[in-house]
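All remarks here apply to the structure that follows.
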Amino acid sequence: MGHAPVRVITVEREYGSHGGEFAHDLARRLGWRLLDSELVVGAAHAAGVDPQTAARFDERLDPWYYRYGKIFWQDPVYAPATSGEERIFDSERMLELLQQQILDAARQGNCVLVGRGSACALAGRPGCFHVFVYATASAKKEWFAHAFPDRAAQAEQHLAAFDRRRAAVIRKFYQQEWCSRGLYHMLLNSCIGTDAMISAVECAAGLCPAPAAAAAL
């Protein structure tokens with residue numbers, strides 16, 4: 001770690017790894033703000049749209065045909081005349097607003113940020129500690145079957161598709177590979193349990209509670 005004390009922890013996670021739950025528990029243990037769906041709500045407020053609309057663009061890219069058409073819309077030859085203040089709300093705009101939410105939160109400090117490219121947005125920033133949570137294929141399939149019993153037979157396909165979407169967003173917006181080890185200070189297998197995960201992060205990030213003074217001999 002650098003010399004600056006850690007005041008921000010980002011948690012990226014594989015789908016089905018319980019990384020989100022870990023982030024919630026970590027924030028509670030530290031007494032820090034948790035920013036998970038709160039990032040989406042903040043982006044929605046900044047864009048002037050309702051949170052349900054913003055959630056549809058969360059950790060997703062626009063369809064290829066929309067992105068292809070947007071090239072022409074942005075060309076001054078084809079673009080309709082506007083006041084210059086109008087902004088189309090789409091996945092690209094959502095990612096810009098999420099990035100701003102992440103940067104604002106990091107400036108305030110004492111927060112745990114969940115996904116949304118937060119490790120990329122804050123890469124190299126002093127006082128930030130980046131964690132990636134993963135799980136074994138069997139553990140993720142077991143979770144999926146319990147959460148979505150009607151789709152249990154397609155667990156592998158759904159799990160892989162969700163992570164591919166997340167990876168595509170990071171690759172498009174940050175030109176980074178979502179699961180690249182170089183982005184993170186610590187990789188955690190959730191099979192070790194939440195308490196062990198929290199203890200590992202606290203110690204590695206220099207946030208372990210100070211030990212009680214040794215009794216005088």
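To be explicit about the labels: the chains of the structure tokens are called A, B, and onward in the order shown, and within each one the residues are counted from 1, while ligands get numbers from 1 in the order they are shown.
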Task: Members of stretch 15-199 of chain A assigned strand (DSSP E or B) by DSSP, as a VMD selection string - done: chain A and resid 33 to 35 111 to 114 128 to 134 186 to 189
Can you write just those residues out, C-alpha atoms, as a short mmCIF file (atom, residue, chain, number, x, y, z; two decimals), in the first residue's frame?
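Okay, this is what ended up in result.cif:
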```
data_model
loop_
_atom_site.label_atom_id
_atom_site.label_comp_id
_atom_site.auth_asym_id
_atom_site.auth_seq_id
_atom_site.Cartn_x
_atom_site.Cartn_y
_atom_site.Cartn_z
CA ARG A 33 -20.99 4.52 3.98
CA LEU A 34 -22.00 1.78 1.58
CA LEU A 35 -22.51 2.82 -2.05
CA CYS A 111 -16.90 4.53 1.98
CA VAL A 112 -17.20 1.08 0.40
CA LEU A 113 -18.02 1.20 -3.33
CA VAL A 114 -19.55 -1.82 -5.05
CA CYS A 128 -8.01 3.51 -2.14
CA PHE A 129 -7.93 -0.26 -1.70
CA HIS A 130 -9.40 -2.50 -4.41
CA VAL A 131 -10.85 -5.97 -3.81
CA PHE A 132 -12.14 -8.59 -6.23
CA VAL A 133 -14.44 -11.30 -4.84
CA TYR A 134 -14.84 -14.59 -6.68
CA MET A 186 -6.59 -8.37 -3.05
CA LEU A 187 -8.48 -11.30 -4.58
CA LEU A 188 -10.80 -13.13 -2.19
CA ASN A 189 -12.52 -16.48 -2.57
#
```
TODO: Identify, on the basis of only C-alpha atoms, every residue whose closest approach to A:Thr53 does not exceed 12 Å; exclude the query and any residue fewer than 6 positions from it along the same chain; express the result as a ChimeraX atom specification.
DONE: /A:40-41,43-45,47,89-91,94
Quick one: write out the picked residues with N, CA and C atoms as a CSV table (one decimal), in the first residue's frame?
```
chain,number,residue,atom,x,y,z
A,40,VAL,N,-26.5,4.2,-8.3
A,40,VAL,CA,-27.5,4.2,-9.3
A,40,VAL,C,-28.5,5.3,-9.0
A,41,VAL,N,-29.0,5.4,-7.8
A,41,VAL,CA,-29.9,6.4,-7.4
A,41,VAL,C,-29.3,7.8,-7.6
A,43,ALA,N,-26.9,8.7,-9.7
A,43,ALA,CA,-26.8,8.9,-11.2
A,43,ALA,C,-28.2,9.3,-11.7
A,44,ALA,N,-29.2,8.7,-11.3
A,44,ALA,CA,-30.6,9.0,-11.7
A,44,ALA,C,-31.0,10.4,-11.3
A,45,HIS,N,-30.6,10.8,-10.1
A,45,HIS,CA,-30.9,12.1,-9.7
A,45,HIS,C,-30.2,13.2,-10.5
A,47,ALA,N,-29.2,12.9,-13.5
A,47,ALA,CA,-29.7,12.9,-14.9
A,47,ALA,C,-31.2,13.4,-15.0
A,89,PHE,N,-30.3,10.0,-22.3
A,89,PHE,CA,-29.9,9.1,-21.3
A,89,PHE,C,-29.8,7.7,-21.8
A,90,ASP,N,-28.6,7.2,-21.8
A,90,ASP,CA,-28.4,5.9,-22.3
A,90,ASP,C,-27.3,5.3,-21.4
A,91,SER,N,-26.7,4.1,-21.8
A,91,SER,CA,-25.7,3.5,-21.0
A,91,SER,C,-24.4,4.3,-20.9
A,94,MET,N,-25.1,7.0,-18.5
A,94,MET,CA,-25.2,6.3,-17.1
A,94,MET,C,-23.8,6.1,-16.6
```
- [ ] Show which residues sit within 7 Å of A:Leu183, as a VMD selection string. Count only C-alpha atoms, and ignore same-chain residues fewer than 2 positions away.
- [x] chain A and resid 119 180 to 181
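Candidate residues A:Arg56, A:Arg7, A:Arg125, A:Arg116 were compared for distance to A:Ala205, and the nearest is A:Arg7, using only C-alpha atoms.
The space separating atom CA of A:His185 from atom CA of A:Ala204 comes to 8.7 Å.
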Open item on the list: When DSSP is applied to the backbone of this structure, which of stretch 111-161 of chain A are assigned helix (DSSP H, G or I)? Write them out as a PyMOL selection string.
Closed with: chain A and resi 118-121+137-147+149-161
